[in-house]
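Q: Here you go, this is coords.txt (compact mmCIF, C-alpha atoms).
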```txt
# COMPACT_ATOMS: atom_id res chain seq x y z
CA MET A 1 0.00 0.00 0.00
CA LYS A 2 2.84 2.34 0.89
CA LYS A 3 4.56 1.51 -2.38
CA PHE A 4 1.33 2.26 -4.27
CA ALA A 5 0.89 5.58 -2.44
CA LEU A 6 4.49 6.49 -3.13
CA SER A 7 4.13 5.67 -6.82
CA VAL A 8 0.94 7.77 -7.07
CA PHE A 9 2.72 10.63 -5.35
CA LEU A 10 5.73 10.42 -7.66
CA GLY A 11 3.46 10.21 -10.71
CA ALA A 12 1.52 13.28 -9.59
CA ALA A 13 4.75 15.13 -8.89
CA ALA A 14 6.08 14.28 -12.36
CA LEU A 15 2.83 15.43 -13.95
CA ALA A 16 2.91 18.66 -11.95
CA TYR A 17 6.49 19.25 -13.06
CA THR A 18 5.56 18.64 -16.70
CA VAL A 19 2.58 20.98 -16.55
CA SER A 20 4.62 23.61 -14.74
CA GLY A 21 7.41 23.36 -17.33
CA ALA A 22 4.95 23.54 -20.20
CA SER A 23 3.23 26.61 -18.81
CA ALA A 24 6.37 28.54 -17.91
CA SER A 25 6.06 32.08 -19.18
CA THR A 26 8.66 33.06 -21.75
CA LEU A 27 7.17 36.55 -21.78
CA SER A 28 7.83 36.93 -18.04
CA ASP A 29 11.40 35.71 -18.48
CA VAL A 30 11.98 38.06 -21.41
CA LYS A 31 10.63 41.04 -19.48
CA ALA A 32 12.72 40.15 -16.43
CA LYS A 33 15.98 40.11 -18.36
CA GLY A 34 14.99 43.12 -20.48
CA PHE A 35 15.58 41.72 -23.98
CA VAL A 36 14.62 39.03 -26.47
CA GLN A 37 17.32 36.42 -27.13
CA CYS A 38 17.05 35.63 -30.84
CA GLY A 39 18.77 32.75 -32.62
CA VAL A 40 20.00 33.78 -36.08
CA ASN A 41 22.20 32.74 -38.99
CA PRO A 42 25.88 33.58 -38.32
CA ALA A 43 26.27 35.31 -41.69
CA LEU A 44 23.79 35.29 -44.57
CA LEU A 45 23.62 38.41 -46.69
CA GLY A 46 20.16 39.92 -46.69
CA PHE A 47 18.86 37.75 -43.86
CA ALA A 48 21.28 38.01 -40.93
CA GLN A 49 24.74 39.51 -40.94
CA PRO A 50 26.78 41.59 -38.50
CA ASP A 51 28.92 44.50 -39.70
CA ALA A 52 32.47 45.25 -38.51
CA ALA A 53 31.07 47.00 -35.43
CA GLY A 54 28.87 44.03 -34.54
CA ASN A 55 25.61 45.65 -35.63
CA TRP A 56 23.22 43.07 -37.09
CA ALA A 57 21.00 43.63 -40.13
CA GLY A 58 18.77 41.53 -42.37
CA PHE A 59 15.28 40.18 -42.98
CA ASP A 60 15.39 37.73 -40.06
CA ILE A 61 17.05 40.35 -37.85
CA ASP A 62 14.21 42.78 -38.49
CA PHE A 63 11.76 40.12 -37.35
CA CYS A 64 13.66 39.80 -34.07
CA LYS A 65 13.46 43.58 -33.72
CA ALA A 66 9.72 43.45 -34.43
CA VAL A 67 9.20 40.99 -31.54
CA ALA A 68 11.22 43.28 -29.26
CA SER A 69 9.12 46.24 -30.41
CA ALA A 70 5.92 44.35 -29.58
CA VAL A 71 7.13 43.44 -26.09
CA PHE A 72 9.16 46.49 -25.08
CA GLY A 73 8.20 49.19 -27.59
CA ASP A 74 11.91 49.28 -28.47
CA PRO A 75 13.50 47.42 -31.43
CA SER A 76 16.93 47.55 -29.81
CA LYS A 77 15.94 45.25 -26.95
CA VAL A 78 17.37 42.18 -28.69
CA LYS A 79 20.48 40.07 -28.27
CA TYR A 80 21.55 37.75 -31.07
CA THR A 81 22.90 34.21 -30.84
CA PRO A 82 24.54 33.08 -34.11
CA LEU A 83 23.73 29.42 -34.66
CA SER A 84 24.77 26.74 -37.14
CA ALA A 85 22.09 24.63 -38.80
CA LYS A 86 23.19 21.76 -36.58
CA ASP A 87 22.90 23.66 -33.29
CA ARG A 88 19.82 25.82 -33.88
CA PHE A 89 17.16 23.44 -32.56
CA THR A 90 19.10 22.43 -29.45
CA ALA A 91 19.55 26.10 -28.58
CA LEU A 92 15.79 26.65 -28.74
CA GLN A 93 14.87 23.43 -26.93
CA SER A 94 17.29 24.17 -24.08
CA GLY A 95 16.03 27.72 -23.54
CA GLU A 96 19.29 29.33 -24.65
CA ILE A 97 17.20 31.46 -27.04
CA ASP A 98 13.60 32.70 -26.86
CA VAL A 99 12.83 32.56 -30.58
CA LEU A 100 14.58 31.11 -33.62
CA SER A 101 14.59 33.45 -36.63
CA ARG A 102 17.11 31.70 -38.85
CA ASN A 103 15.89 30.85 -42.39
CA THR A 104 14.46 27.59 -41.03
CA THR A 105 12.01 25.35 -42.89
CA TRP A 106 8.77 24.31 -41.19
CA THR A 107 8.41 20.50 -41.41
CA ILE A 108 6.23 17.95 -39.64
CA ASN A 109 9.18 16.39 -37.79
CA ARG A 110 10.37 19.73 -36.44
CA ASP A 111 6.81 20.72 -35.54
CA THR A 112 6.20 17.49 -33.58
CA ALA A 113 9.16 15.31 -32.61
CA LEU A 114 11.48 18.23 -31.84
CA GLY A 115 8.97 19.93 -29.55
CA LEU A 116 8.88 23.17 -31.55
CA LYS A 117 6.07 25.31 -32.92
CA PHE A 118 6.21 27.07 -36.28
CA ARG A 119 3.86 29.71 -37.68
CA PRO A 120 3.48 31.80 -39.67
CA VAL A 121 5.61 31.62 -42.81
CA THR A 122 7.58 34.83 -43.24
CA TYR A 123 9.29 33.79 -46.48
CA TYR A 124 8.14 31.18 -49.00
CA ASP A 125 11.25 29.66 -50.55
CA GLY A 126 12.35 26.59 -52.51
CA GLN A 127 15.58 24.68 -53.05
CA GLY A 128 17.63 25.41 -56.14
CA PHE A 129 21.05 24.85 -57.70
CA MET A 130 23.95 27.14 -58.60
CA VAL A 131 26.63 26.10 -61.12
CA ARG A 132 29.54 27.72 -62.89
CA LYS A 133 28.66 29.07 -66.34
CA GLU A 134 31.63 27.29 -67.89
CA LEU A 135 29.88 23.93 -67.33
CA ASN A 136 27.18 25.05 -69.79
CA VAL A 137 24.43 23.39 -67.74
CA LYS A 138 20.89 24.64 -68.35
CA SER A 139 18.88 22.28 -66.13
CA ALA A 140 19.28 20.33 -62.89
CA LEU A 141 18.45 17.20 -64.92
CA GLU A 142 21.88 17.57 -66.55
CA LEU A 143 23.73 17.22 -63.24
CA SER A 144 24.16 13.43 -63.16
CA GLY A 145 27.61 12.56 -61.82
CA ALA A 146 28.25 16.05 -60.45
CA ALA A 147 29.95 16.80 -57.14
CA ILE A 148 27.39 18.79 -55.15
CA CYS A 149 28.13 20.91 -52.09
CA VAL A 150 25.41 20.68 -49.44
CA GLN A 151 25.00 21.59 -45.76
CA SER A 152 24.49 18.78 -43.24
CA GLY A 153 21.56 18.73 -40.83
CA THR A 154 19.23 20.50 -43.28
CA THR A 155 16.18 19.66 -45.36
CA THR A 156 18.40 20.59 -48.32
CA GLU A 157 20.46 17.43 -47.84
CA LEU A 158 17.33 15.25 -47.75
CA ASN A 159 15.65 16.96 -50.71
CA LEU A 160 18.81 16.54 -52.79
CA ALA A 161 18.86 12.78 -52.20
CA ASP A 162 15.14 12.48 -53.03
CA TYR A 163 15.40 14.52 -56.23
CA PHE A 164 18.31 12.54 -57.64
CA LYS A 165 16.77 9.21 -56.68
CA THR A 166 13.43 10.16 -58.26
CA ASN A 167 15.12 11.18 -61.51
CA ASN A 168 17.56 8.21 -61.59
CA LEU A 169 20.58 10.50 -61.42
CA GLN A 170 23.90 9.91 -59.68
CA TYR A 171 25.77 12.53 -57.67
CA ASN A 172 28.69 12.86 -55.29
CA PRO A 173 27.71 14.75 -52.11
CA VAL A 174 30.34 17.07 -50.62
CA VAL A 175 28.96 17.74 -47.14
CA PHE A 176 29.91 20.47 -44.66
CA ASP A 177 28.46 21.69 -41.35
CA LYS A 178 28.84 25.41 -41.97
CA LEU A 179 27.68 27.64 -44.81
CA GLU A 180 31.03 29.43 -45.05
CA GLU A 181 32.77 26.06 -45.52
CA ILE A 182 30.46 25.20 -48.41
CA THR A 183 30.95 28.61 -50.00
CA THR A 184 34.74 28.28 -49.81
CA ALA A 185 34.64 24.75 -51.22
CA TYR A 186 32.41 25.74 -54.13
CA ASP A 187 34.42 28.88 -54.89
CA SER A 188 37.68 26.90 -54.93
CA GLY A 189 36.29 24.26 -57.31
CA ARG A 190 35.94 21.36 -54.88
CA CYS A 191 32.40 20.81 -56.13
CA ASP A 192 30.56 21.54 -59.37
CA VAL A 193 27.25 22.55 -57.83
CA PHE A 194 25.99 24.37 -54.76
CA THR A 195 22.47 23.54 -53.59
CA THR A 196 20.42 25.29 -50.91
CA ASP A 197 17.33 27.51 -50.66
CA GLN A 198 17.18 29.76 -53.71
CA SER A 199 17.17 32.93 -51.58
CA GLN A 200 20.41 31.75 -49.99
CA LEU A 201 21.93 31.08 -53.40
CA TYR A 202 21.29 34.71 -54.41
CA ALA A 203 23.07 35.84 -51.24
CA VAL A 204 26.01 33.43 -51.57
CA ARG A 205 26.53 34.25 -55.25
CA LEU A 206 27.32 37.87 -54.36
CA THR A 207 30.09 36.76 -51.99
CA LEU A 208 31.98 34.66 -54.56
CA LYS A 209 35.24 35.81 -56.15
CA ASN A 210 33.54 36.17 -59.55
CA PRO A 211 29.75 36.28 -59.04
CA ASP A 212 29.00 36.73 -62.75
CA ASP A 213 30.73 33.43 -63.55
CA ASN A 214 27.95 31.55 -61.76
CA VAL A 215 24.32 30.96 -62.66
CA ILE A 216 21.30 29.80 -60.65
CA LEU A 217 19.34 27.12 -62.51
CA PRO A 218 15.58 27.54 -63.05
CA GLU A 219 14.39 24.41 -61.20
CA ILE A 220 12.85 24.66 -57.74
CA ILE A 221 12.78 21.14 -56.29
CA SER A 222 11.10 21.66 -52.93
CA LYS A 223 8.79 23.72 -50.77
CA GLU A 224 10.72 25.62 -48.10
CA PRO A 225 8.32 27.60 -45.88
CA LEU A 226 10.66 29.66 -43.71
CA GLY A 227 9.65 31.33 -40.49
CA PRO A 228 10.20 31.75 -36.77
CA ALA A 229 9.99 28.90 -34.27
CA VAL A 230 9.41 28.77 -30.52
CA ARG A 231 9.20 25.98 -27.96
CA GLN A 232 5.98 24.03 -27.46
CA GLY A 233 4.13 24.54 -24.19
CA ASP A 234 3.86 28.33 -24.03
CA ASP A 235 0.85 29.43 -26.05
CA GLN A 236 1.11 33.06 -24.98
CA TRP A 237 4.64 33.45 -26.37
CA PHE A 238 3.67 31.51 -29.49
CA ASN A 239 0.77 33.93 -30.01
CA ILE A 240 3.01 36.97 -29.54
CA VAL A 241 5.57 35.74 -32.08
CA SER A 242 2.85 34.68 -34.54
CA TRP A 243 0.88 37.90 -34.34
CA THR A 244 4.05 39.95 -34.67
CA ALA A 245 4.44 38.45 -38.15
CA TYR A 246 0.75 38.93 -38.92
CA ALA A 247 0.96 42.57 -37.81
CA LEU A 248 3.74 43.21 -40.33
CA VAL A 249 1.59 41.81 -43.15
CA SER A 250 -1.58 43.54 -41.95
CA ALA A 251 0.20 46.89 -41.86
CA GLU A 252 1.23 46.51 -45.48
CA GLU A 253 -2.36 45.61 -46.40
CA PHE A 254 -3.59 48.75 -44.62
CA GLY A 255 -0.94 50.94 -46.24
CA ILE A 256 0.60 51.72 -42.87
CA THR A 257 4.33 52.43 -43.06
CA GLN A 258 7.05 53.39 -40.63
CA LYS A 259 6.80 56.94 -41.94
CA ASN A 260 3.01 57.42 -41.77
CA VAL A 261 2.10 55.28 -38.75
CA ASP A 262 1.56 58.28 -36.45
CA GLU A 263 -0.76 59.90 -38.96
CA MET A 264 -2.66 56.63 -39.49
CA LYS A 265 -3.60 56.48 -35.80
CA ASN A 266 -6.13 59.20 -36.67
CA SER A 267 -7.62 57.23 -39.57
CA ALA A 268 -11.40 57.13 -39.95
CA ASN A 269 -11.10 53.42 -40.78
CA PRO A 270 -12.14 51.48 -37.64
CA ASP A 271 -10.02 48.47 -38.66
CA ILE A 272 -6.90 50.64 -38.76
CA LYS A 273 -7.72 52.38 -35.47
CA ARG A 274 -8.26 49.00 -33.82
CA PHE A 275 -5.06 47.62 -35.32
CA LEU A 276 -2.98 50.53 -34.01
CA GLY A 277 -4.54 50.43 -30.54
CA ALA A 278 -6.38 53.73 -31.02
CA GLU A 279 -9.89 52.29 -30.65
CA GLN A 280 -11.54 52.99 -27.30
CA GLY A 281 -12.09 49.84 -25.24
CA SER A 282 -10.05 47.53 -27.45
CA THR A 283 -8.25 44.68 -25.69
CA ILE A 284 -6.37 43.11 -28.61
CA GLY A 285 -3.04 44.00 -27.02
CA THR A 286 -3.85 43.08 -23.44
CA ASP A 287 -5.31 39.78 -24.67
CA LEU A 288 -1.80 38.98 -25.90
CA GLY A 289 -0.23 40.08 -22.62
CA LEU A 290 1.07 43.27 -24.25
CA THR A 291 0.01 46.91 -24.38
CA ASN A 292 -2.72 47.88 -26.84
CA ASP A 293 -0.23 49.82 -28.98
CA TRP A 294 1.87 46.70 -29.61
CA SER A 295 1.31 46.76 -33.38
CA TYR A 296 1.94 50.51 -33.55
CA ASN A 297 5.26 49.89 -31.80
CA ILE A 298 6.17 47.18 -34.32
CA ILE A 299 5.56 49.37 -37.37
CA LYS A 300 7.16 52.40 -35.75
CA GLY A 301 10.19 50.29 -34.90
CA VAL A 302 10.78 48.35 -38.14
CA GLY A 303 8.11 49.21 -40.74
CA ASN A 304 5.69 46.82 -42.44
CA TYR A 305 6.40 43.49 -44.15
CA GLY A 306 6.94 45.07 -47.57
CA GLU A 307 9.42 47.61 -46.18
CA ILE A 308 11.40 44.88 -44.43
CA PHE A 309 11.42 42.76 -47.59
CA GLU A 310 12.47 45.55 -49.95
CA ARG A 311 15.34 46.97 -47.93
CA ASN A 312 16.89 43.61 -47.03
CA ILE A 313 16.33 41.25 -49.96
CA GLY A 314 14.09 43.04 -52.48
CA ALA A 315 14.57 45.70 -55.16
CA SER A 316 16.32 48.12 -52.79
CA SER A 317 18.90 45.51 -51.72
CA PRO A 318 21.93 43.94 -53.42
CA LEU A 319 19.99 40.65 -53.75
CA LYS A 320 17.12 42.20 -55.74
CA ILE A 321 14.81 39.22 -55.18
CA ALA A 322 11.35 39.70 -56.68
CA ARG A 323 8.42 39.46 -54.28
CA GLY A 324 6.87 36.61 -56.29
CA ILE A 325 4.65 34.47 -54.08
CA ASN A 326 5.78 36.53 -51.11
CA ALA A 327 3.64 39.40 -52.36
CA LEU A 328 0.39 40.09 -50.53
CA TRP A 329 -2.57 37.84 -51.31
CA ASN A 330 -4.32 40.74 -53.07
CA LYS A 331 -1.22 41.54 -55.15
CA GLY A 332 -0.69 38.12 -56.74
CA GLY A 333 1.12 36.45 -53.84
CA ILE A 334 0.14 34.29 -50.85
CA GLN A 335 1.16 36.42 -47.86
CA TYR A 336 -2.02 36.64 -45.82
CA ALA A 337 -2.84 37.72 -42.26
CA PRO A 338 -5.95 36.83 -40.21
CA PRO A 339 -8.17 39.76 -39.17
CA VAL A 340 -7.06 41.83 -36.18
CA ARG A 341 -10.36 42.19 -34.36
```
Show this structure as C-alpha cells.
A:
Amino acid sequence: MKKFALSVFLGAAALAYTVSGASASTLSDVKAKGFVQCGVNPALLGFAQPDAAGNWAGFDIDFCKAVASAVFGDPSKVKYTPLSAKDRFTALQSGEIDVLSRNTTWTINRDTALGLKFRPVTYYDGQGFMVRKELNVKSALELSGAAICVQSGTTTELNLADYFKTNNLQYNPVVFDKLEEITTAYDSGRCDVFTTDQSQLYAVRLTLKNPDDNVILPEIISKEPLGPAVRQGDDQWFNIVSWTAYALVSAEEFGITQKNVDEMKNSANPDIKRFLGAEQGSTIGTDLGLTNDWSYNIIKGVGNYGEIFERNIGASSPLKIARGINALWNKGGIQYAPPVR
C-alpha cells in the first residue's frame, strides 16, 4: 500500500512538473531580463549579418526587432545568438534562445518530434542549384555525376537525395556543417554545384570571387516555408511571435508604413484604429499580454512586411529578389494575415 501511495505521489509530482514546465512564461522571463534572445544565422547576406562593429541587419534580424518592439516598444531590446544549422534546434529546446529566426524550414518532424512550434511563414522559398557558367548546364536534370556541395543537418540534404533518386541520377555529395565552408569549397572548385534555398543562393553568389561566372538554374525542387519557431508549451509566447508576423503583413495591407504610422492612428477606418490600438475599449493588445499599442510599436520600430522585404532582400537591396509568391494575397502572392479584431 505504501509503495502504491508512493508511486501515485511520484506520478503526480512528475505530472505537476511537466505541466509547470509547459506553462512557464517566456514573456515573463523576457521582461525580467529586459531583452529578447534571438537565434540567427551567423552570416547570410540579406537575412542576418553583423557589420564590422557588430551591428546586425537583415530580414530575419528585423523580425527579431519586431518581436522586441511588440514586447518592449523598443526594437533595440534584442540580443543575437549566431547558430549553425546543426545547433539551432538544441539552442531553442534548451532555452538558450527565446525565438529562432534563422531561415528555417517548417516541417512535420520539427513541428512534432522536436517539440517546436512554427507559424506563420515569413518567407516562401524553394531549393535550387547554382553552377559555374563554364559547365554550360541549363537544367538540374543535366547534373548526373556532379559533385554537389550541401550543408548537413538541413532539409536541403534530404531533398537533394530524393530529387536525384526520383530522376535516376547519380551525384557525389560534398557535405559540410557550416555555410562558409560550403561557399569556400564551391568557390575553390571542390564541387561543381551548390544547392540550398534559392534565396540563400542569391546571397552566396554575391560573396563569390567572380559572381557573374555563376548561374542559378531555373528548377525549384522543394517547398521551403521559412519562419520563426518557438518551444511548445507556451501558447502566450507563441501567439506573440505569430501575431508579430501577422501585424507586419496587416500593416502593409492597410498601407501603414514606418513613416506614416503616427498619422494613421487618426484614420477614420475602424479596422486601422483597432489595429494601431487607437480604438476605445479595445483589448487586442492586453489579450496577448502586451500593451494595446503593440502593433503601432512594431511598425514604428521596423516598418511593415513590404518595407522589411524591400530593404533587405528586395529591389532596394543587393539581392534584388522579386516578391513573387511573397507578395500580398491581393497583389498576386500568398502572404495573408488573419483579421485583427
Q: Out of A:Gln258, A:Thr122, A:Asn41, A:Ser188, which residue has the shortest atom-to-atom distance to A:Gln200 when counting all atoms listed in the file?
A: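 Of all the options, A:Asn41 lies closest to A:Gln200.
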Q: Within 6 Å of stretch 210-217 of chain A, counting all atoms listed in the file, which residues qualify if same-chain residues fewer than 5 places away don't, as a list in words?
A: Phe129, Met130, Val131, Arg132, Lys133 and Arg205 of chain A
Q: Go through A:Tyr246, A:Pro225, A:Gly95, A:Arg341 and flag the residue nearest A:Asp271, using all atoms listed in the file for the distances.
A: A:Arg341
Q: Pick the closest to A:Val230 from A:Arg119, A:Lys31, A:Lys79, A:Lys259: which is it, counting only C-alpha atoms?
A: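 With only C-alpha atoms as the atom set, the closest residue is A:Arg119.
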Q: How many Å separate atom CA of A:Leu100 from atom CA of A:Leu158?
A: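 Atom CA of A:Leu158 lies at a distance of 21.4 Å from atom CA of A:Leu100.
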